>>> print(open('structure_16.cif').read())   # mmCIF, N, CA and C atoms
data_start
#
loop_
_atom_site.label_atom_id
_atom_site.label_comp_id
_atom_site.auth_asym_id
_atom_site.auth_seq_id
_atom_site.Cartn_x
_atom_site.Cartn_y
_atom_site.Cartn_z
N MET A 912 -85.77 33.21 71.22
CA MET A 912 -85.01 33.00 70.03
C MET A 912 -85.54 31.76 69.32
N THR A 913 -85.47 31.80 68.02
CA THR A 913 -85.95 30.70 67.20
C THR A 913 -84.75 29.96 66.64
N LYS A 914 -84.90 28.65 66.46
CA LYS A 914 -83.83 27.82 65.91
C LYS A 914 -84.32 27.13 64.66
N LYS A 915 -83.42 26.97 63.69
CA LYS A 915 -83.76 26.28 62.44
C LYS A 915 -82.55 25.50 61.98
N LEU A 916 -82.72 24.19 61.78
CA LEU A 916 -81.67 23.35 61.23
C LEU A 916 -81.70 23.47 59.72
N ILE A 917 -80.55 23.80 59.14
CA ILE A 917 -80.45 23.99 57.70
C ILE A 917 -79.40 23.02 57.17
N GLN A 918 -79.80 22.19 56.22
CA GLN A 918 -78.94 21.09 55.75
C GLN A 918 -77.96 21.47 54.64
N ASN A 919 -78.33 22.44 53.77
CA ASN A 919 -77.47 22.76 52.62
C ASN A 919 -77.72 24.20 52.16
N LEU A 920 -76.96 24.63 51.18
CA LEU A 920 -77.05 26.00 50.70
C LEU A 920 -78.41 26.30 50.07
N SER A 921 -78.97 25.35 49.34
CA SER A 921 -80.27 25.55 48.73
C SER A 921 -81.35 25.77 49.79
N GLU A 922 -81.30 24.98 50.84
CA GLU A 922 -82.25 25.14 51.94
C GLU A 922 -82.03 26.47 52.66
N TYR A 923 -80.76 26.88 52.78
CA TYR A 923 -80.44 28.17 53.38
C TYR A 923 -81.06 29.31 52.57
N ARG A 924 -80.87 29.26 51.25
CA ARG A 924 -81.42 30.30 50.38
C ARG A 924 -82.93 30.43 50.56
N GLN A 925 -83.62 29.29 50.59
CA GLN A 925 -85.08 29.31 50.72
C GLN A 925 -85.49 29.87 52.08
N TRP A 926 -84.82 29.44 53.15
CA TRP A 926 -85.13 29.94 54.49
C TRP A 926 -84.88 31.44 54.58
N ALA A 927 -83.72 31.89 54.11
CA ALA A 927 -83.38 33.31 54.19
C ALA A 927 -84.34 34.16 53.36
N TRP A 928 -84.69 33.69 52.17
CA TRP A 928 -85.60 34.44 51.31
C TRP A 928 -86.98 34.55 51.95
N ASN A 929 -87.48 33.45 52.49
CA ASN A 929 -88.79 33.47 53.15
C ASN A 929 -88.77 34.40 54.36
N THR A 930 -87.69 34.36 55.11
CA THR A 930 -87.56 35.22 56.28
C THR A 930 -87.55 36.68 55.86
N LEU A 931 -86.82 36.98 54.80
CA LEU A 931 -86.75 38.35 54.30
C LEU A 931 -88.12 38.85 53.83
N THR A 932 -88.84 38.04 53.08
CA THR A 932 -90.13 38.49 52.57
C THR A 932 -91.17 38.62 53.69
N GLU A 933 -91.05 37.83 54.74
CA GLU A 933 -91.96 37.98 55.88
C GLU A 933 -91.78 39.32 56.57
N LEU A 934 -90.57 39.86 56.49
CA LEU A 934 -90.28 41.16 57.12
C LEU A 934 -90.26 42.29 56.09
N ASP A 935 -91.06 42.15 55.05
CA ASP A 935 -91.26 43.20 54.05
C ASP A 935 -89.98 43.65 53.34
N ASP A 936 -89.12 42.69 53.01
CA ASP A 936 -87.92 42.98 52.21
C ASP A 936 -87.08 44.09 52.84
N ASN A 937 -86.80 43.96 54.11
CA ASN A 937 -86.05 44.94 54.88
C ASN A 937 -84.55 44.84 54.54
N LYS A 938 -83.92 45.96 54.20
CA LYS A 938 -82.50 45.96 53.80
C LYS A 938 -81.59 45.49 54.93
N VAL A 939 -81.90 45.86 56.16
CA VAL A 939 -81.08 45.46 57.31
C VAL A 939 -81.14 43.95 57.48
N VAL A 940 -82.32 43.37 57.37
CA VAL A 940 -82.48 41.92 57.50
C VAL A 940 -81.75 41.21 56.37
N ALA A 941 -81.87 41.72 55.15
CA ALA A 941 -81.18 41.11 54.00
C ALA A 941 -79.68 41.07 54.25
N LYS A 942 -79.12 42.16 54.73
CA LYS A 942 -77.68 42.21 54.99
C LYS A 942 -77.27 41.19 56.03
N GLU A 943 -78.00 41.07 57.11
CA GLU A 943 -77.65 40.14 58.18
C GLU A 943 -77.82 38.69 57.76
N LEU A 944 -78.71 38.43 56.82
CA LEU A 944 -78.90 37.07 56.32
C LEU A 944 -77.95 36.74 55.17
N GLY A 945 -77.18 37.72 54.73
CA GLY A 945 -76.22 37.49 53.66
C GLY A 945 -76.81 37.52 52.28
N LEU A 946 -77.97 38.13 52.12
CA LEU A 946 -78.62 38.25 50.82
C LEU A 946 -78.31 39.61 50.22
N LEU A 947 -78.15 39.64 48.89
CA LEU A 947 -77.86 40.88 48.18
C LEU A 947 -78.88 41.13 47.08
N PRO A 948 -80.14 41.39 47.46
CA PRO A 948 -81.14 41.66 46.42
C PRO A 948 -80.88 43.00 45.75
N VAL A 949 -81.38 43.14 44.52
CA VAL A 949 -81.25 44.39 43.79
C VAL A 949 -82.37 45.32 44.26
N TYR A 950 -81.98 46.46 44.82
CA TYR A 950 -82.97 47.42 45.31
C TYR A 950 -83.12 48.63 44.41
N GLU A 951 -82.11 48.91 43.61
CA GLU A 951 -82.15 50.12 42.81
C GLU A 951 -82.10 49.80 41.33
N CYS A 952 -82.83 50.57 40.58
CA CYS A 952 -82.77 50.42 39.13
C CYS A 952 -82.48 51.79 38.52
N TRP A 953 -82.06 51.79 37.29
CA TRP A 953 -81.73 53.03 36.59
C TRP A 953 -82.99 53.72 36.10
N ASP A 954 -83.92 52.91 35.58
CA ASP A 954 -85.13 53.48 34.99
C ASP A 954 -86.13 52.35 34.80
N VAL A 955 -87.24 52.66 34.18
CA VAL A 955 -88.28 51.69 33.87
C VAL A 955 -88.56 51.78 32.37
N ASN A 956 -88.66 50.63 31.71
CA ASN A 956 -88.93 50.66 30.27
C ASN A 956 -90.43 50.83 30.01
N GLU A 957 -90.83 50.83 28.72
CA GLU A 957 -92.23 51.07 28.36
C GLU A 957 -93.17 49.96 28.85
N LYS A 958 -92.62 48.79 29.18
CA LYS A 958 -93.44 47.69 29.70
C LYS A 958 -93.55 47.74 31.23
N GLY A 959 -92.90 48.73 31.85
CA GLY A 959 -92.93 48.85 33.31
C GLY A 959 -91.90 47.99 34.01
N GLU A 960 -90.94 47.43 33.25
CA GLU A 960 -89.90 46.60 33.83
C GLU A 960 -88.71 47.47 34.23
N GLU A 961 -88.12 47.14 35.38
CA GLU A 961 -86.96 47.88 35.83
C GLU A 961 -85.76 47.54 34.95
N ILE A 962 -84.98 48.58 34.59
CA ILE A 962 -83.81 48.37 33.73
C ILE A 962 -82.57 48.97 34.37
N ASP A 963 -81.39 48.45 33.95
CA ASP A 963 -80.12 48.98 34.44
C ASP A 963 -79.64 50.10 33.53
N GLU A 964 -78.43 50.59 33.78
CA GLU A 964 -77.88 51.71 33.02
C GLU A 964 -77.76 51.42 31.53
N ASP A 965 -77.59 50.15 31.16
CA ASP A 965 -77.43 49.76 29.76
C ASP A 965 -78.75 49.43 29.08
N GLY A 966 -79.87 49.57 29.80
CA GLY A 966 -81.17 49.28 29.22
C GLY A 966 -81.58 47.82 29.33
N ASN A 967 -80.79 47.01 30.04
CA ASN A 967 -81.12 45.60 30.23
C ASN A 967 -82.15 45.44 31.35
N VAL A 968 -83.10 44.56 31.14
CA VAL A 968 -84.12 44.30 32.16
C VAL A 968 -83.45 43.62 33.35
N ILE A 969 -83.73 44.13 34.55
CA ILE A 969 -83.19 43.54 35.77
C ILE A 969 -84.14 42.42 36.19
N PRO A 970 -83.65 41.17 36.20
CA PRO A 970 -84.54 40.07 36.57
C PRO A 970 -84.96 40.19 38.03
N GLU A 971 -86.17 39.75 38.31
CA GLU A 971 -86.68 39.79 39.67
C GLU A 971 -85.93 38.78 40.53
N ASP A 972 -85.54 39.19 41.72
CA ASP A 972 -84.83 38.28 42.63
C ASP A 972 -85.78 37.21 43.14
N THR A 973 -85.26 36.00 43.27
CA THR A 973 -85.97 34.88 43.89
C THR A 973 -85.00 34.20 44.83
N ALA A 974 -85.47 33.23 45.58
CA ALA A 974 -84.60 32.50 46.50
C ALA A 974 -83.44 31.85 45.76
N GLU A 975 -83.68 31.39 44.55
CA GLU A 975 -82.65 30.69 43.79
C GLU A 975 -81.67 31.63 43.08
N THR A 976 -82.12 32.84 42.76
CA THR A 976 -81.30 33.73 41.94
C THR A 976 -80.65 34.89 42.70
N VAL A 977 -81.12 35.19 43.89
CA VAL A 977 -80.56 36.34 44.62
C VAL A 977 -79.09 36.08 44.91
N LYS A 978 -78.29 37.12 44.77
CA LYS A 978 -76.87 37.00 45.08
C LYS A 978 -76.71 36.89 46.59
N ILE A 979 -75.65 36.18 47.00
CA ILE A 979 -75.40 36.01 48.44
C ILE A 979 -73.99 36.47 48.78
N GLU A 980 -73.81 36.83 50.03
CA GLU A 980 -72.49 37.23 50.54
C GLU A 980 -71.57 36.01 50.51
N ASP A 981 -70.28 36.26 50.43
CA ASP A 981 -69.29 35.19 50.41
C ASP A 981 -69.34 34.32 51.66
N TRP A 982 -69.61 34.93 52.81
CA TRP A 982 -69.58 34.17 54.06
C TRP A 982 -70.66 33.10 54.09
N VAL A 983 -71.76 33.30 53.37
CA VAL A 983 -72.82 32.29 53.34
C VAL A 983 -72.31 31.03 52.65
N SER A 984 -71.58 31.20 51.57
CA SER A 984 -71.03 30.05 50.84
C SER A 984 -70.00 29.29 51.67
N GLU A 985 -69.41 29.96 52.63
CA GLU A 985 -68.38 29.35 53.46
C GLU A 985 -68.94 28.60 54.67
N LEU A 986 -70.24 28.70 54.91
CA LEU A 986 -70.84 27.96 56.03
C LEU A 986 -70.65 26.47 55.81
N GLN A 987 -70.37 25.74 56.87
CA GLN A 987 -70.21 24.29 56.78
C GLN A 987 -71.52 23.65 57.23
N PHE A 988 -72.27 23.19 56.26
CA PHE A 988 -73.59 22.61 56.54
C PHE A 988 -73.44 21.20 57.06
N PRO A 989 -74.36 20.73 57.88
CA PRO A 989 -75.55 21.41 58.36
C PRO A 989 -75.21 22.46 59.43
N VAL A 990 -76.03 23.50 59.47
CA VAL A 990 -75.90 24.56 60.47
C VAL A 990 -77.23 24.75 61.16
N VAL A 991 -77.15 25.31 62.35
CA VAL A 991 -78.35 25.71 63.07
C VAL A 991 -78.36 27.23 63.08
N ALA A 992 -79.42 27.80 62.57
CA ALA A 992 -79.60 29.25 62.61
C ALA A 992 -80.36 29.57 63.90
N VAL A 993 -79.77 30.38 64.73
CA VAL A 993 -80.41 30.85 65.96
C VAL A 993 -80.68 32.33 65.72
N TYR A 994 -81.94 32.71 65.76
CA TYR A 994 -82.25 34.07 65.35
C TYR A 994 -83.44 34.66 66.10
N TRP A 995 -83.45 36.00 66.10
CA TRP A 995 -84.55 36.79 66.64
C TRP A 995 -84.73 37.95 65.67
N LEU A 996 -85.81 37.92 64.93
CA LEU A 996 -86.13 38.97 63.96
C LEU A 996 -87.52 39.49 64.30
N GLU A 997 -87.60 40.78 64.48
CA GLU A 997 -88.87 41.35 64.89
C GLU A 997 -89.00 42.78 64.41
N LYS A 998 -90.21 43.15 64.03
CA LYS A 998 -90.51 44.54 63.69
C LYS A 998 -91.35 45.11 64.81
N GLU A 999 -90.93 46.26 65.30
CA GLU A 999 -91.61 46.93 66.40
C GLU A 999 -91.84 48.38 66.04
N TYR A 1000 -92.57 49.05 66.88
CA TYR A 1000 -92.80 50.48 66.71
C TYR A 1000 -92.65 51.11 68.09
N ASP A 1001 -91.85 52.16 68.18
CA ASP A 1001 -91.73 52.89 69.43
C ASP A 1001 -91.87 54.38 69.17
N ARG A 1002 -91.58 55.20 70.14
CA ARG A 1002 -91.80 56.64 70.00
C ARG A 1002 -90.94 57.28 68.91
N HIS A 1003 -89.90 56.58 68.45
CA HIS A 1003 -89.05 57.09 67.39
C HIS A 1003 -89.47 56.58 66.01
N GLY A 1004 -90.43 55.68 65.96
CA GLY A 1004 -90.89 55.14 64.69
C GLY A 1004 -90.69 53.64 64.60
N ASP A 1005 -90.58 53.15 63.37
CA ASP A 1005 -90.39 51.72 63.14
C ASP A 1005 -89.01 51.28 63.59
N VAL A 1006 -88.97 50.11 64.22
CA VAL A 1006 -87.72 49.54 64.70
C VAL A 1006 -87.67 48.09 64.23
N THR A 1007 -86.52 47.67 63.71
CA THR A 1007 -86.32 46.29 63.33
C THR A 1007 -85.23 45.70 64.21
N ILE A 1008 -85.55 44.59 64.86
CA ILE A 1008 -84.59 43.89 65.71
C ILE A 1008 -84.06 42.71 64.92
N VAL A 1009 -82.74 42.63 64.79
CA VAL A 1009 -82.11 41.56 64.03
C VAL A 1009 -80.97 40.97 64.86
N ALA A 1010 -81.11 39.70 65.23
CA ALA A 1010 -80.04 38.97 65.90
C ALA A 1010 -79.99 37.60 65.26
N VAL A 1011 -78.88 37.30 64.57
CA VAL A 1011 -78.75 36.04 63.84
C VAL A 1011 -77.36 35.46 64.10
N GLU A 1012 -77.32 34.19 64.39
CA GLU A 1012 -76.05 33.48 64.55
C GLU A 1012 -76.18 32.11 63.93
N PHE A 1013 -75.12 31.65 63.28
CA PHE A 1013 -75.12 30.34 62.65
C PHE A 1013 -74.07 29.48 63.32
N VAL A 1014 -74.49 28.29 63.74
CA VAL A 1014 -73.59 27.36 64.42
C VAL A 1014 -73.54 26.09 63.60
N SER A 1015 -72.34 25.73 63.18
CA SER A 1015 -72.15 24.51 62.41
C SER A 1015 -72.13 23.32 63.36
N LEU A 1016 -72.79 22.25 62.98
CA LEU A 1016 -72.82 21.07 63.84
C LEU A 1016 -71.44 20.45 64.00
N ASN A 1017 -70.54 20.65 63.04
CA ASN A 1017 -69.20 20.08 63.17
C ASN A 1017 -68.39 20.75 64.27
N GLU A 1018 -68.84 21.89 64.78
CA GLU A 1018 -68.16 22.55 65.88
C GLU A 1018 -68.30 21.74 67.18
N PHE A 1019 -69.22 20.80 67.21
CA PHE A 1019 -69.47 20.01 68.40
C PHE A 1019 -68.84 18.62 68.33
N GLN A 1020 -68.14 18.33 67.26
CA GLN A 1020 -67.48 17.03 67.14
C GLN A 1020 -66.13 17.08 67.84
N LYS A 1021 -65.78 15.95 68.46
CA LYS A 1021 -64.49 15.86 69.13
C LYS A 1021 -63.38 15.78 68.10
N PRO A 1022 -62.27 16.47 68.33
CA PRO A 1022 -61.15 16.36 67.39
C PRO A 1022 -60.56 14.96 67.43
N SER A 1023 -60.07 14.49 66.32
CA SER A 1023 -59.52 13.13 66.26
C SER A 1023 -58.13 13.07 66.84
#
>>> encode(input="structure_16.cif", output="structure tokens")
Amino acid sequence: MTKKLIQNLSEYRQWAWNTLTELDDNKVVAKELGLLPVYECWDVNEKGEEIDEDGNVIPEDTAETVKIEDWVSELQFPVVAVYWLEKEYDRHGDVTIVAVEFVSLNEFQKPS
């Protein structure tokens, strides 16, 4: 298992986005990391840009702009992310292993 100390939400976004892109933008990984990237579009305009139902261009997701699950905003930073993310292949095809847990450092402080 790998560990990563994350100090704030901005650092979390960057770590989660980098982790997601390393695993080829896997939907299962995105869900477990609390990221909500846009995967579907309504159509493509004449410039090749993805558009929504109203014809508006869907902006490309980045670490700073991707929507996040509510639980990510509720994390009490700093946190340690303990995770195991792996892509494998077995007789049934591609397999993605996702195990992620976040531990807030304040959980280890003695109550007053």
>>> resolve_selection(input="structure_16.cif", expression="the PyMOL selection byres ((chain A and resi 975-987) around 7)", output="list of chain:residue names")
A:Arg924, A:Gln925, A:Leu944, A:Gly945, A:Leu946, A:Leu947, A:Pro948, A:Val949, A:Glu971, A:Asp972, A:Thr973, A:Ala974, A:Phe988, A:Pro989, A:Val990, A:Ser1015, A:Leu1016, A:Asn1017
>>> resolve_selection(input="structure_16.cif", expression="the PyMOL selection byres ((chain A and resi 992) around 8)", output="list in words")
Met912, Thr913, Lys914, Lys915, Leu916, Ile917, Pro989, Val990, Val991, Val993, Tyr994, Trp995, Val1011, Glu1012, Phe1013, Val1014 and Ser1015 of chain A
>>> write_last_selection(input="structure_16.cif", atoms="N, CA and C atoms", output="PDB file, in the coordinates of the input")
ATOM      1  N   MET A 912     -85.770  33.210  71.220  1.00  0.00           N
ATOM      2  CA  MET A 912     -85.010  33.000  70.030  1.00  0.00           C
ATOM      3  C   MET A 912     -85.540  31.760  69.320  1.00  0.00           C
ATOM      4  N   THR A 913     -85.470  31.800  68.020  1.00  0.00           N
ATOM      5  CA  THR A 913     -85.950  30.700  67.200  1.00  0.00           C
ATOM      6  C   THR A 913     -84.750  29.960  66.640  1.00  0.00           C
ATOM      7  N   LYS A 914     -84.900  28.650  66.460  1.00  0.00           N
ATOM      8  CA  LYS A 914     -83.830  27.820  65.910  1.00  0.00           C
ATOM      9  C   LYS A 914     -84.320  27.130  64.660  1.00  0.00           C
ATOM     10  N   LYS A 915     -83.420  26.970  63.690  1.00  0.00           N
ATOM     11  CA  LYS A 915     -83.760  26.280  62.440  1.00  0.00           C
ATOM     12  C   LYS A 915     -82.550  25.500  61.980  1.00  0.00           C
ATOM     13  N   LEU A 916     -82.720  24.190  61.780  1.00  0.00           N
ATOM     14  CA  LEU A 916     -81.670  23.350  61.230  1.00  0.00           C
ATOM     15  C   LEU A 916     -81.700  23.470  59.720  1.00  0.00           C
ATOM     16  N   ILE A 917     -80.550  23.800  59.140  1.00  0.00           N
ATOM     17  CA  ILE A 917     -80.450  23.990  57.700  1.00  0.00           C
ATOM     18  C   ILE A 917     -79.400  23.020  57.170  1.00  0.00           C
ATOM     19  N   PRO A 989     -74.360  20.730  57.880  1.00  0.00           N
ATOM     20  CA  PRO A 989     -75.550  21.410  58.360  1.00  0.00           C
ATOM     21  C   PRO A 989     -75.210  22.460  59.430  1.00  0.00           C
ATOM     22  N   VAL A 990     -76.030  23.500  59.470  1.00  0.00           N
ATOM     23  CA  VAL A 990     -75.900  24.560  60.470  1.00  0.00           C
ATOM     24  C   VAL A 990     -77.230  24.750  61.160  1.00  0.00           C
ATOM     25  N   VAL A 991     -77.150  25.310  62.350  1.00  0.00           N
ATOM     26  CA  VAL A 991     -78.350  25.710  63.070  1.00  0.00           C
ATOM     27  C   VAL A 991     -78.360  27.230  63.080  1.00  0.00           C
ATOM     28  N   VAL A 993     -79.770  30.380  64.730  1.00  0.00           N
ATOM     29  CA  VAL A 993     -80.410  30.850  65.960  1.00  0.00           C
ATOM     30  C   VAL A 993     -80.680  32.330  65.720  1.00  0.00           C
ATOM     31  N   TYR A 994     -81.940  32.710  65.760  1.00  0.00           N
ATOM     32  CA  TYR A 994     -82.250  34.070  65.350  1.00  0.00           C
ATOM     33  C   TYR A 994     -83.440  34.660  66.100  1.00  0.00           C
ATOM     34  N   TRP A 995     -83.450  36.000  66.100  1.00  0.00           N
ATOM     35  CA  TRP A 995     -84.550  36.790  66.640  1.00  0.00           C
ATOM     36  C   TRP A 995     -84.730  37.950  65.670  1.00  0.00           C
ATOM     37  N   VAL A1011     -78.880  37.300  64.570  1.00  0.00           N
ATOM     38  CA  VAL A1011     -78.750  36.040  63.840  1.00  0.00           C
ATOM     39  C   VAL A1011     -77.360  35.460  64.100  1.00  0.00           C
ATOM     40  N   GLU A1012     -77.320  34.190  64.390  1.00  0.00           N
ATOM     41  CA  GLU A1012     -76.050  33.480  64.550  1.00  0.00           C
ATOM     42  C   GLU A1012     -76.180  32.110  63.930  1.00  0.00           C
ATOM     43  N   PHE A1013     -75.120  31.650  63.280  1.00  0.00           N
ATOM     44  CA  PHE A1013     -75.120  30.340  62.650  1.00  0.00           C
ATOM     45  C   PHE A1013     -74.070  29.480  63.320  1.00  0.00           C
ATOM     46  N   VAL A1014     -74.490  28.290  63.740  1.00  0.00           N
ATOM     47  CA  VAL A1014     -73.590  27.360  64.420  1.00  0.00           C
ATOM     48  C   VAL A1014     -73.540  26.090  63.600  1.00  0.00           C
ATOM     49  N   SER A1015     -72.340  25.730  63.180  1.00  0.00           N
ATOM     50  CA  SER A1015     -72.150  24.510  62.410  1.00  0.00           C
ATOM     51  C   SER A1015     -72.130  23.320  63.360  1.00  0.00           C
TER      52      SER A1015
END
>>> select_by_dssp(input="structure_16.cif", residues="chain A", states="strand (DSSP E or B)", output="PyMOL selection string")
chain A and resi 913-917+946-947+954-955+961-962+968+978-979+990-1001+1004-1015
>>> atom_distance(input="structure_16.cif", atom1="atom CA of Asp954 of chain A", atom2="atom CA of Asn967 of chain A")
10.0 Å
>>> atom_distance(input="structure_16.cif", atom1="atom N of Tyr923 of chain A", atom2="atom N of Lys1021 of chain A")
24.3 Å
>>> atom_distance(input="structure_16.cif", atom1="atom CA of Trp953 of chain A", atom2="atom CA of Val1006 of chain A")
29.0 Å
>>> residues_around(input="structure_16.cif", residues="Leu996 of chain A", least_positions_apart="3", cutoff="6.5 Å", atoms="all atoms listed in the file", output="compact mmCIF listing (two decimals) with N, CA and C atoms, keeping the file's coordinate frame")
# COMPACT_ATOMS: atom_id res chain seq x y z
N ILE A 1008 -85.55 44.59 64.86
CA ILE A 1008 -84.59 43.89 65.71
C ILE A 1008 -84.06 42.71 64.92
N VAL A 1009 -82.74 42.63 64.79
CA VAL A 1009 -82.11 41.56 64.03
C VAL A 1009 -80.97 40.97 64.86
N ALA A 1010 -81.11 39.70 65.23
CA ALA A 1010 -80.04 38.97 65.90
C ALA A 1010 -79.99 37.60 65.26
>>> select_by_dssp(input="structure_16.cif", residues="segment 923-1012 of chain A", states="helix (DSSP H, G or I)", output="list in words")
Tyr923, Arg924, Gln925, Trp926, Ala927, Trp928, Asn929, Thr930, Leu931, Thr932, Glu933, Lys938, Val939, Val940, Ala941, Lys942, Glu943, Leu944, Asp981, Trp982, Val983 and Ser984 of chain A
>>> resolve_selection(input="structure_16.cif", expression="the PyMOL selection byres (((chain A and resi 964 and name CA) around 12) and name CA)", output="PyMOL selection string")
chain A and resi 951-956+961-963+965-969
